[in-house]
>>> print(open('entry_19.cif').read())   # mmCIF, C-alpha atoms
data_data
loop_
_atom_site.label_atom_id
_atom_site.label_comp_id
_atom_site.auth_asym_id
_atom_site.auth_seq_id
_atom_site.Cartn_x
_atom_site.Cartn_y
_atom_site.Cartn_z
CA MET A 289 150.69 117.84 -25.57
CA THR A 290 149.35 117.72 -29.12
CA SER A 291 152.22 117.21 -31.52
CA SER A 292 151.10 115.38 -34.66
CA ILE A 293 150.56 117.21 -37.95
CA GLU A 294 147.04 115.77 -38.06
CA ASP A 295 146.15 117.21 -34.65
CA VAL A 296 147.68 120.61 -35.44
CA ALA A 297 145.69 120.78 -38.67
CA LYS A 298 142.48 119.80 -36.88
CA LEU A 299 142.94 122.44 -34.20
CA ALA A 300 143.87 125.12 -36.72
CA GLY A 301 141.08 124.35 -39.13
CA VAL A 302 143.43 123.97 -42.08
CA SER A 303 144.37 121.02 -44.23
CA ILE A 304 147.10 118.54 -43.37
CA ALA A 305 148.72 119.41 -46.70
CA THR A 306 148.90 123.09 -45.70
CA VAL A 307 150.61 122.30 -42.41
CA SER A 308 152.98 119.83 -44.07
CA ARG A 309 153.98 122.31 -46.77
CA SER A 310 154.53 125.02 -44.18
CA LEU A 311 156.77 122.92 -41.96
CA ARG A 312 158.66 121.02 -44.63
CA GLY A 313 161.41 123.53 -45.30
CA LEU A 314 161.84 125.03 -41.85
CA PRO A 315 164.34 122.58 -40.27
CA ASP A 316 166.51 123.00 -43.36
CA VAL A 317 166.87 126.76 -43.15
CA ALA A 318 170.67 126.53 -43.18
CA THR A 319 170.54 125.49 -46.82
CA ALA A 320 167.42 127.40 -47.82
CA THR A 321 167.27 130.95 -49.10
CA ARG A 322 165.81 133.48 -46.73
CA ASP A 323 162.89 134.10 -49.11
CA ARG A 324 162.07 130.37 -49.21
CA VAL A 325 161.91 130.21 -45.43
CA PHE A 326 159.68 133.27 -45.25
CA ALA A 327 157.39 131.85 -47.93
CA ALA A 328 157.11 128.54 -46.10
CA ALA A 329 156.19 130.28 -42.87
CA GLN A 330 153.57 132.41 -44.61
CA GLU A 331 151.84 129.35 -46.10
CA LEU A 332 150.50 128.36 -42.68
CA ASP A 333 147.18 130.19 -42.36
CA TYR A 334 147.30 132.65 -39.48
CA VAL A 335 144.13 131.08 -38.08
CA ALA A 336 146.55 128.44 -36.75
CA SER A 337 148.56 130.97 -34.79
CA PRO A 338 146.79 130.72 -31.40
CA PHE A 339 147.11 126.96 -31.50
CA ALA A 340 150.72 127.09 -32.66
CA ALA A 341 151.44 129.48 -29.80
CA ARG A 342 150.01 127.04 -27.26
CA LEU A 343 151.96 124.17 -28.76
CA ALA A 344 155.21 126.15 -28.67
CA SER A 345 154.67 127.27 -25.10
CA GLY A 346 153.76 123.77 -23.98
CA ARG A 347 156.74 122.22 -25.72
CA THR A 348 159.02 124.76 -24.07
CA ALA A 349 157.87 123.74 -20.59
CA THR A 350 158.38 120.01 -21.26
CA VAL A 351 162.10 120.53 -21.91
CA GLY A 352 162.66 122.59 -18.77
CA ILE A 353 162.68 126.03 -20.34
CA ALA A 354 161.03 128.64 -18.14
CA CYS A 355 161.53 131.69 -20.36
CA LEU A 356 160.94 131.81 -24.11
CA HIS A 357 162.49 134.57 -26.23
CA GLU A 358 160.21 134.94 -29.25
CA MET A 359 161.89 136.55 -32.27
CA ALA A 360 159.06 137.83 -34.45
CA GLY A 361 159.04 140.25 -37.35
CA PRO A 362 157.27 141.29 -40.53
CA GLU A 363 159.33 138.95 -42.69
CA ILE A 364 158.88 135.76 -40.68
CA SER A 365 155.54 136.06 -38.88
CA SER A 366 153.08 138.86 -38.10
CA ALA A 367 152.23 141.36 -35.41
CA ASP A 368 149.12 139.31 -34.63
CA ASP A 369 151.28 136.23 -34.06
CA LEU A 370 153.44 138.02 -31.54
CA ALA A 371 150.48 139.65 -29.79
CA GLY A 372 148.80 136.26 -29.44
CA LEU A 373 151.87 134.62 -28.01
CA LEU A 374 152.49 137.43 -25.51
CA ALA A 375 148.87 137.20 -24.39
CA LEU A 376 149.51 133.64 -23.25
CA THR A 377 151.75 134.86 -20.44
CA ALA A 378 148.87 136.74 -18.85
CA ALA A 379 146.12 134.26 -19.69
CA GLU A 380 147.59 130.82 -19.08
CA PRO A 381 150.22 129.22 -16.84
CA GLY A 382 153.40 128.50 -18.70
CA PRO A 383 156.90 129.75 -19.42
CA GLN A 384 157.49 133.47 -19.29
CA ILE A 385 157.46 134.86 -22.84
CA VAL A 386 159.64 137.77 -23.92
CA GLY A 387 158.77 139.22 -27.31
CA TYR A 388 160.92 140.95 -29.90
CA TRP A 389 159.73 142.67 -33.06
CA GLY A 390 162.43 142.55 -35.75
CA GLU A 391 161.80 145.57 -37.94
CA LEU A 392 164.27 148.36 -38.63
CA LEU A 393 163.02 151.50 -36.82
CA GLY A 394 159.86 149.59 -35.88
CA ILE A 395 159.95 151.05 -32.40
CA GLU A 396 156.35 152.26 -32.19
CA LEU A 397 154.87 148.94 -33.26
CA ALA A 398 157.15 147.09 -30.85
CA ARG A 399 155.84 149.28 -28.03
CA GLU A 400 152.22 148.78 -29.10
CA LEU A 401 152.72 145.01 -29.07
CA GLY A 402 154.24 145.06 -25.61
CA ALA A 403 157.53 143.72 -26.95
CA SER A 404 160.71 144.03 -24.95
CA GLY A 405 162.74 144.94 -27.97
CA ALA A 406 162.77 146.02 -31.58
CA GLY A 407 165.18 143.36 -32.70
CA GLY A 408 165.77 139.65 -32.69
CA ASP A 409 165.30 138.48 -36.24
CA LEU A 410 166.19 141.89 -37.61
CA PHE A 411 168.37 140.55 -40.38
CA CYS A 412 171.67 142.32 -40.91
CA ASP A 413 172.59 139.34 -43.08
CA GLY A 414 171.40 135.85 -43.99
CA SER A 415 172.84 132.38 -43.43
CA LEU A 416 176.03 130.56 -44.35
CA GLY A 417 174.12 127.69 -45.89
CA SER A 418 172.43 129.96 -48.42
CA HIS A 419 175.61 132.03 -49.05
CA THR A 420 173.82 135.15 -47.73
CA ALA A 421 175.72 135.68 -44.46
CA ALA A 422 177.82 138.81 -44.96
CA LEU A 423 181.56 138.03 -45.02
CA THR A 424 184.69 140.14 -45.28
CA GLU A 425 186.13 137.54 -47.71
CA PRO A 426 184.26 135.51 -50.37
CA TYR A 427 182.86 132.06 -49.77
CA ALA A 428 185.28 129.22 -50.47
CA ASP A 429 182.71 127.39 -52.59
CA ALA A 430 181.31 130.53 -54.28
CA PRO A 431 184.22 132.75 -55.37
CA GLY A 432 183.16 136.34 -55.86
CA ASN A 433 180.23 136.02 -53.44
CA SER A 434 180.62 137.58 -50.00
CA GLY A 435 176.97 137.42 -49.01
CA HIS A 436 174.68 140.34 -48.40
CA LEU A 437 174.77 143.07 -45.76
CA ARG A 438 171.27 144.53 -45.46
CA PHE A 439 171.96 147.60 -43.31
CA ASP A 440 174.87 149.98 -43.12
CA PRO A 441 176.35 151.14 -39.79
CA GLY A 442 174.47 154.43 -39.98
CA GLU A 443 171.09 152.69 -40.17
CA ILE A 444 172.04 150.30 -37.38
CA ALA A 445 173.23 153.18 -35.17
CA GLU A 446 169.97 155.07 -35.66
CA HIS A 447 167.97 151.98 -34.72
CA ILE A 448 170.01 151.49 -31.54
CA ARG A 449 169.68 155.16 -30.65
CA ARG A 450 165.90 155.18 -31.03
CA CYS A 451 165.50 151.91 -29.13
CA THR A 452 167.59 153.27 -26.27
CA GLU A 453 165.49 156.44 -26.10
CA ALA A 454 162.31 154.33 -26.06
CA GLY A 455 163.61 152.03 -23.32
CA LEU A 456 163.59 149.02 -25.65
CA GLN A 457 166.30 146.53 -26.50
CA ALA A 458 167.84 146.60 -29.93
CA GLY A 459 168.95 143.30 -31.39
CA PHE A 460 170.27 142.15 -34.71
CA HIS A 461 170.66 138.83 -36.53
CA ALA A 462 174.33 138.73 -37.55
CA ILE A 463 176.16 135.56 -38.57
CA GLY A 464 179.00 136.67 -40.86
CA ASP A 465 181.99 138.70 -39.73
CA ALA A 466 181.05 141.66 -41.95
CA ALA A 467 177.61 141.83 -40.31
CA VAL A 468 179.05 141.65 -36.80
CA ASP A 469 181.60 144.35 -37.72
CA ALA A 470 178.83 146.62 -39.06
CA ILE A 471 176.99 146.40 -35.73
CA LEU A 472 180.18 147.15 -33.81
CA ASP A 473 180.90 150.09 -36.11
CA ALA A 474 177.42 151.41 -35.30
CA VAL A 475 177.86 151.03 -31.54
CA GLU A 476 181.22 152.79 -31.65
CA ARG A 477 179.70 155.70 -33.59
CA LEU A 478 177.23 156.20 -30.75
CA GLY A 479 179.93 156.32 -28.09
CA PRO A 480 180.95 154.43 -24.96
CA GLY A 481 178.27 152.27 -23.38
CA ALA A 482 175.91 152.51 -26.35
CA GLY A 483 175.65 148.73 -26.68
CA GLN A 484 174.82 148.07 -23.02
CA GLY A 485 171.53 146.24 -22.67
CA HIS A 486 171.29 145.38 -26.35
CA ARG A 487 172.05 142.08 -28.10
CA VAL A 488 173.36 140.41 -31.22
CA GLU A 489 171.82 137.12 -32.28
CA HIS A 490 174.09 134.26 -33.44
CA ALA A 491 177.44 136.13 -33.60
CA GLU A 492 179.01 133.03 -35.10
CA MET A 493 181.89 134.72 -36.88
CA VAL A 494 183.49 137.32 -34.61
CA SER A 495 186.81 138.65 -35.88
CA ASP A 496 187.72 140.52 -32.66
CA PRO A 497 186.17 139.19 -29.42
CA ARG A 498 187.69 142.05 -27.39
CA ARG A 499 185.92 144.57 -29.59
CA LEU A 500 182.61 142.78 -29.08
CA ALA A 501 183.23 142.71 -25.33
CA ALA A 502 183.93 146.45 -25.29
CA SER A 503 180.63 147.12 -27.07
CA GLY A 504 178.62 145.81 -24.12
CA LEU A 505 176.38 143.75 -26.43
CA VAL A 506 175.16 140.34 -25.27
CA ALA A 507 176.00 137.52 -27.69
CA SER A 508 172.92 135.30 -27.99
CA MET A 509 174.37 132.10 -29.48
CA GLN A 510 173.31 128.58 -30.43
CA PRO A 511 175.91 125.88 -29.71
CA ALA A 512 173.76 123.34 -31.56
CA PHE A 513 174.69 125.13 -34.79
CA ASP A 514 178.25 123.92 -34.39
CA ALA A 515 177.04 120.44 -33.47
CA ALA A 516 174.96 120.31 -36.66
CA TRP A 517 177.25 122.00 -39.19
CA GLY A 518 180.73 122.32 -37.64
CA GLY A 519 183.77 120.12 -38.04
CA PRO A 520 186.11 119.47 -41.00
CA ALA A 521 183.40 117.73 -43.06
CA GLY A 522 180.49 119.95 -42.06
CA MET A 523 178.56 122.56 -44.00
CA TYR A 524 180.60 125.40 -42.50
CA ALA A 525 183.83 123.89 -43.84
CA GLN A 526 182.22 123.51 -47.26
CA ARG A 527 181.20 127.15 -47.33
CA LEU A 528 184.29 128.72 -45.76
CA GLY A 529 187.07 126.14 -45.94
CA PRO A 530 188.30 124.28 -42.84
CA GLU A 531 190.54 127.07 -41.55
CA ARG A 532 187.91 129.80 -41.53
CA ALA A 533 185.20 127.38 -40.39
CA GLY A 534 187.33 126.58 -37.35
CA ARG A 535 187.07 130.21 -36.28
CA LEU A 536 183.28 130.06 -35.89
CA ASN A 537 181.52 129.78 -32.55
CA ARG A 538 184.64 130.41 -30.47
CA PHE A 539 182.90 130.26 -27.11
CA ALA A 540 186.12 130.16 -25.09
CA GLU A 541 187.62 133.23 -26.75
CA LEU A 542 184.42 135.22 -26.38
CA ALA A 543 184.08 134.28 -22.72
CA ALA A 544 187.75 135.05 -22.04
CA ALA A 545 187.34 138.48 -23.63
CA GLY A 546 184.39 139.21 -21.34
CA VAL A 547 181.52 138.95 -23.85
CA PRO A 548 178.24 138.18 -22.00
CA LEU A 549 176.92 134.90 -23.43
CA ALA A 550 173.35 133.63 -23.63
CA PHE A 551 172.53 130.27 -25.22
CA GLY A 552 169.39 129.16 -27.02
CA SER A 553 168.15 127.05 -29.92
CA ASP A 554 166.83 129.40 -32.63
CA SER A 555 164.02 126.83 -32.89
CA PRO A 556 162.94 125.45 -35.34
CA VAL A 557 166.43 125.71 -36.82
CA THR A 558 167.64 123.39 -34.06
CA PRO A 559 165.45 121.67 -31.45
CA MET A 560 164.76 123.21 -28.07
CA ASN A 561 167.14 121.15 -25.92
CA PRO A 562 169.09 123.07 -23.26
CA TRP A 563 171.36 120.19 -22.27
CA ALA A 564 172.28 119.56 -25.92
CA ALA A 565 173.32 123.22 -26.14
CA ILE A 566 175.42 122.86 -22.99
CA ARG A 567 177.04 119.77 -24.47
CA GLY A 568 177.67 121.65 -27.72
CA ALA A 569 179.54 124.43 -25.94
CA ALA A 570 181.48 122.13 -23.62
CA TYR A 571 182.39 119.65 -26.40
CA PRO A 572 182.43 121.62 -29.67
CA SER A 573 183.89 120.45 -32.97
CA GLU A 574 187.01 122.54 -32.26
CA PRO A 575 188.25 121.57 -28.77
CA GLY A 576 189.97 124.93 -28.34
CA ALA A 577 186.58 126.65 -28.49
CA ALA A 578 185.21 124.74 -25.49
CA ILE A 579 184.05 126.34 -22.27
CA SER A 580 183.43 124.49 -19.03
CA GLY A 581 180.11 122.80 -18.37
CA ALA A 582 179.53 125.28 -15.55
CA ALA A 583 180.07 128.25 -17.88
CA ALA A 584 177.78 126.73 -20.50
CA PHE A 585 175.13 126.09 -17.84
CA ALA A 586 175.37 129.71 -16.72
CA ALA A 587 174.96 130.94 -20.30
CA HIS A 588 171.76 128.91 -20.66
CA THR A 589 170.32 130.02 -17.31
CA THR A 590 171.47 133.34 -15.87
CA GLY A 591 172.73 134.39 -19.30
CA GLY A 592 169.30 134.06 -20.87
CA TRP A 593 167.57 136.08 -18.16
CA ARG A 594 170.27 138.73 -18.41
CA ALA A 595 169.95 138.85 -22.21
CA ALA A 596 166.25 139.62 -21.79
CA ARG A 597 167.01 142.20 -19.07
CA LEU A 598 164.91 140.21 -16.58
CA ASP A 599 167.58 139.38 -14.03
CA GLY A 600 166.99 142.39 -11.81
CA ASP A 601 164.75 140.46 -9.42
CA GLY A 602 167.17 137.54 -9.13
CA SER A 603 165.67 135.49 -11.95
CA GLY A 604 168.14 132.93 -13.27
CA VAL A 605 169.50 131.79 -9.92
CA LEU A 606 168.13 129.74 -7.02
CA ALA A 607 168.62 131.92 -3.95
CA PRO A 608 166.56 133.20 -1.01
CA GLY A 609 164.30 135.97 -2.20
CA ALA A 610 164.65 135.13 -5.90
CA PRO A 611 161.66 133.94 -7.94
CA ALA A 612 161.05 130.18 -7.58
CA THR A 613 161.72 129.35 -11.22
CA PHE A 614 163.48 126.04 -11.83
CA ALA A 615 163.35 122.62 -13.47
CA VAL A 616 163.80 119.15 -11.97
CA TRP A 617 165.75 116.63 -14.04
CA ASP A 618 166.35 112.90 -14.23
CA ALA A 619 170.07 112.86 -14.99
CA ALA A 620 173.11 110.63 -15.06
CA SER A 621 175.71 110.76 -12.30
CA PRO A 622 176.91 114.33 -11.90
CA VAL A 623 180.32 115.53 -13.05
CA GLU A 624 181.57 118.50 -11.04
CA GLY A 625 178.05 119.23 -9.79
CA LEU A 626 176.33 119.04 -13.17
CA PRO A 627 174.78 116.18 -15.14
CA ASP A 628 177.17 114.21 -17.33
CA VAL A 629 176.73 115.63 -20.85
CA ARG A 630 179.78 114.07 -22.46
CA PRO A 631 179.14 112.90 -26.04
CA GLY A 632 177.53 109.47 -26.04
CA THR A 633 175.77 109.88 -22.68
CA ASP A 634 172.01 110.19 -22.31
CA LEU A 635 170.98 113.78 -21.75
CA PRO A 636 168.81 114.67 -18.73
CA THR A 637 165.03 114.33 -18.96
CA CYS A 638 162.80 117.03 -17.53
CA LEU A 639 160.44 115.88 -14.78
CA ARG A 640 159.01 119.21 -13.64
CA THR A 641 159.15 122.88 -14.65
CA VAL A 642 158.18 125.60 -12.20
CA VAL A 643 157.78 129.28 -13.13
CA ARG A 644 157.57 131.79 -10.29
CA GLY A 645 156.31 129.15 -7.89
CA GLU A 646 153.71 127.66 -10.25
CA THR A 647 154.18 124.21 -11.76
CA VAL A 648 153.71 124.49 -15.53
CA PHE A 649 154.80 120.96 -16.43
CA ALA A 650 155.14 117.73 -14.48
CA VAL A 651 155.60 114.10 -15.41
CA SER A 652 152.91 111.83 -14.02
CA PHE A 653 154.17 108.78 -12.16
#
>>> encode(input="entry_19.cif", output="structure tokens")
Amino acid sequence: MTSSIEDVAKLAGVSIATVSRSLRGLPDVATATRDRVFAAAQELDYVASPFAARLASGRTATVGIACLHEMAGPEISSADDLAGLLALTAAEPGPQIVGYWGELLGIELARELGASGAGGDLFCDGSLGSHTAALTEPYADAPGNSGHLRFDPGEIAEHIRRCTEAGLQAGFHAIGDAAVDAILDAVERLGPGAGQGHRVEHAEMVSDPRRLAASGLVASMQPAFDAAWGGPAGMYAQRLGPERAGRLNRFAELAAAGVPLAFGSDSPVTPMNPWAAIRGAAYPSEPGAAISGAAAFAAHTTGGWRAARLDGDGSGVLAPGAPATFAVWDAASPVEGLPDVRPGTDLPTCLRTVVRGETVFAVSF
């Protein structure tokens, strides 16, 4: 797989400097403003998009991921980007790609693009690193600043209602507790069952897990966030103080309340690495937030297919009659039926990825 900046630039027909400028700020989005991230993404000429799509799809297969949830939108990419990526599923062997178009009330365009949902990176708020995640109490290191809530519950409710009528998923980026609460307020306005089949991305700061469970929303989370920025000396503690930071990413409490969990990477914010995510949920910075390895594995397999509403044919499990979609791994001695992902151990290496009976990646011996 092509991976160097030089090769990407050559394929895309743009300068190395353009690619370098475009990629430079992206891994640091936790400390960047939302506008800076959008500007960095826009710098990469869209002529590169077909090649970037192939690189992303190929990279996904090499790490054992058989289904890619692409969160596109007018503020972070383009409709052409999403259309090109979705076309790969029909044109080339590779991971199944599920597209989302993150624009408020952008239902018609989402349908035209063949997207599964009008959501994903539909920003109800920003990030903790940039002090733009919407909080119910001010930031510890920025008194008087509680972030920014972009949509009120009425707007969110109307978006969910229209998506439901159109047969599309609604989904919202929500990191701070005020943003999560606004989404739950919207669901409750619409009545019982209104959140079923829809999703909330990140859901890092949930004040009432039982309320989220009652909404029916799937929590699409990224355990690597906690691994990168959690703990008493991490960025979350700097922004919120240790006590509030310890209430983020409470996987155990969400699971116990009955919230459906799906794990991912939010790449390029954190690398695509499923076993690192499983480790992050099983061994988080706050031990009381941990779930079992089996539960974390389920969230990154069956949970992902369920979050995309693609589990109706048995996808996400290995069983007679289900699609033959799986990965083969070189792993350390198993612990309770799963690879050993305890901190300090080598994570499994993907040897083969198969999607619906077709091999899309294999290591040559």
>>> residues_around(input="entry_19.cif", residues="segment 633-637 of chain A", least_positions_apart="6", cutoff="7 Å", atoms="only C-alpha atoms", output="NGL selection string")
:A and (563 or 617-620)
>>> resolve_selection(input="entry_19.cif", expression="the PyMOL selection byres ((chain A and resi 412) around 8)", output="MDAnalysis selection string")
chainID A and resid 410:411 413:414 437:439 460:462 467
>>> resolve_selection(input="entry_19.cif", expression="the PyMOL selection byres ((chain A and resi 532-543) around 7)", output="CSV table (one decimal) with C-alpha atoms, in the frame of the given file")
chain,number,residue,atom,x,y,z
A,492,GLU,CA,179.0,133.0,-35.1
A,493,MET,CA,181.9,134.7,-36.9
A,497,PRO,CA,186.2,139.2,-29.4
A,514,ASP,CA,178.2,123.9,-34.4
A,524,TYR,CA,180.6,125.4,-42.5
A,525,ALA,CA,183.8,123.9,-43.8
A,528,LEU,CA,184.3,128.7,-45.8
A,529,GLY,CA,187.1,126.1,-45.9
A,530,PRO,CA,188.3,124.3,-42.8
A,531,GLU,CA,190.5,127.1,-41.6
A,544,ALA,CA,187.8,135.0,-22.0
A,545,ALA,CA,187.3,138.5,-23.6
A,546,GLY,CA,184.4,139.2,-21.3
A,547,VAL,CA,181.5,139.0,-23.8
A,569,ALA,CA,179.5,124.4,-25.9
A,574,GLU,CA,187.0,122.5,-32.3
A,577,ALA,CA,186.6,126.6,-28.5
A,578,ALA,CA,185.2,124.7,-25.5
A,579,ILE,CA,184.0,126.3,-22.3
>>> atom_distance(input="entry_19.cif", atom1="atom CA of Thr350 of chain A", atom2="atom CA of Val506 of chain A")
26.7 Å
>>> atom_distance(input="entry_19.cif", atom1="atom CA of Gly407 of chain A", atom2="atom CA of Gly435 of chain A")
21.0 Å
>>> residues_around(input="entry_19.cif", residues="Glu646 of chain A", least_positions_apart="5", cutoff="12 Å", atoms="all atoms listed in the file", output="PDB file with C-alpha atoms, keeping the file's coordinate frame")
ATOM      1  CA  ALA A 349     157.870 123.740 -20.590  1.00  0.00           C
ATOM      2  CA  ALA A 354     161.030 128.640 -18.140  1.00  0.00           C
ATOM      3  CA  GLU A 380     147.590 130.820 -19.080  1.00  0.00           C
ATOM      4  CA  PRO A 381     150.220 129.220 -16.840  1.00  0.00           C
ATOM      5  CA  GLY A 382     153.400 128.500 -18.700  1.00  0.00           C
ATOM      6  CA  PRO A 383     156.900 129.750 -19.420  1.00  0.00           C
ATOM      7  CA  GLN A 384     157.490 133.470 -19.290  1.00  0.00           C
ATOM      8  CA  PRO A 611     161.660 133.940  -7.940  1.00  0.00           C
ATOM      9  CA  ALA A 612     161.050 130.180  -7.580  1.00  0.00           C
ATOM     10  CA  THR A 613     161.720 129.350 -11.220  1.00  0.00           C
ATOM     11  CA  PHE A 614     163.480 126.040 -11.830  1.00  0.00           C
ATOM     12  CA  ALA A 615     163.350 122.620 -13.470  1.00  0.00           C
ATOM     13  CA  ARG A 640     159.010 119.210 -13.640  1.00  0.00           C
ATOM     14  CA  THR A 641     159.150 122.880 -14.650  1.00  0.00           C
TER      15      THR A 641
END
>>> closest_residue(input="entry_19.cif", among="A:Leu639, A:Ala565, A:Ala466, A:Ile395", to="Pro426 of chain A", atoms="only C-alpha atoms")
A:Ala466
>>> closest_residue(input="entry_19.cif", among="A:Thr589, A:Ala375, A:Asn561, A:Ser580", to="Cys638 of chain A", atoms="all atoms listed in the file")
A:Asn561
>>> closest_residue(input="entry_19.cif", among="A:Gly600, A:Gly576, A:Gly432, A:Pro480", to="Arg499 of chain A", atoms="only C-alpha atoms")
A:Pro480
>>> atom_distance(input="entry_19.cif", atom1="atom CA of Asn433 of chain A", atom2="atom CA of Thr420 of chain A")
8.6 Å
>>> closest_residue(input="entry_19.cif", among="A:Ala501, A:Val643, A:Ala445, A:Leu356", to="Ser555 of chain A", atoms="only C-alpha atoms")
A:Leu356
>>> residues_around(input="entry_19.cif", residues="Leu401 of chain A", least_positions_apart="5", cutoff="8 Å", atoms="only C-alpha atoms", output="PyMOL selection string")
chain A and resi 367+370-371
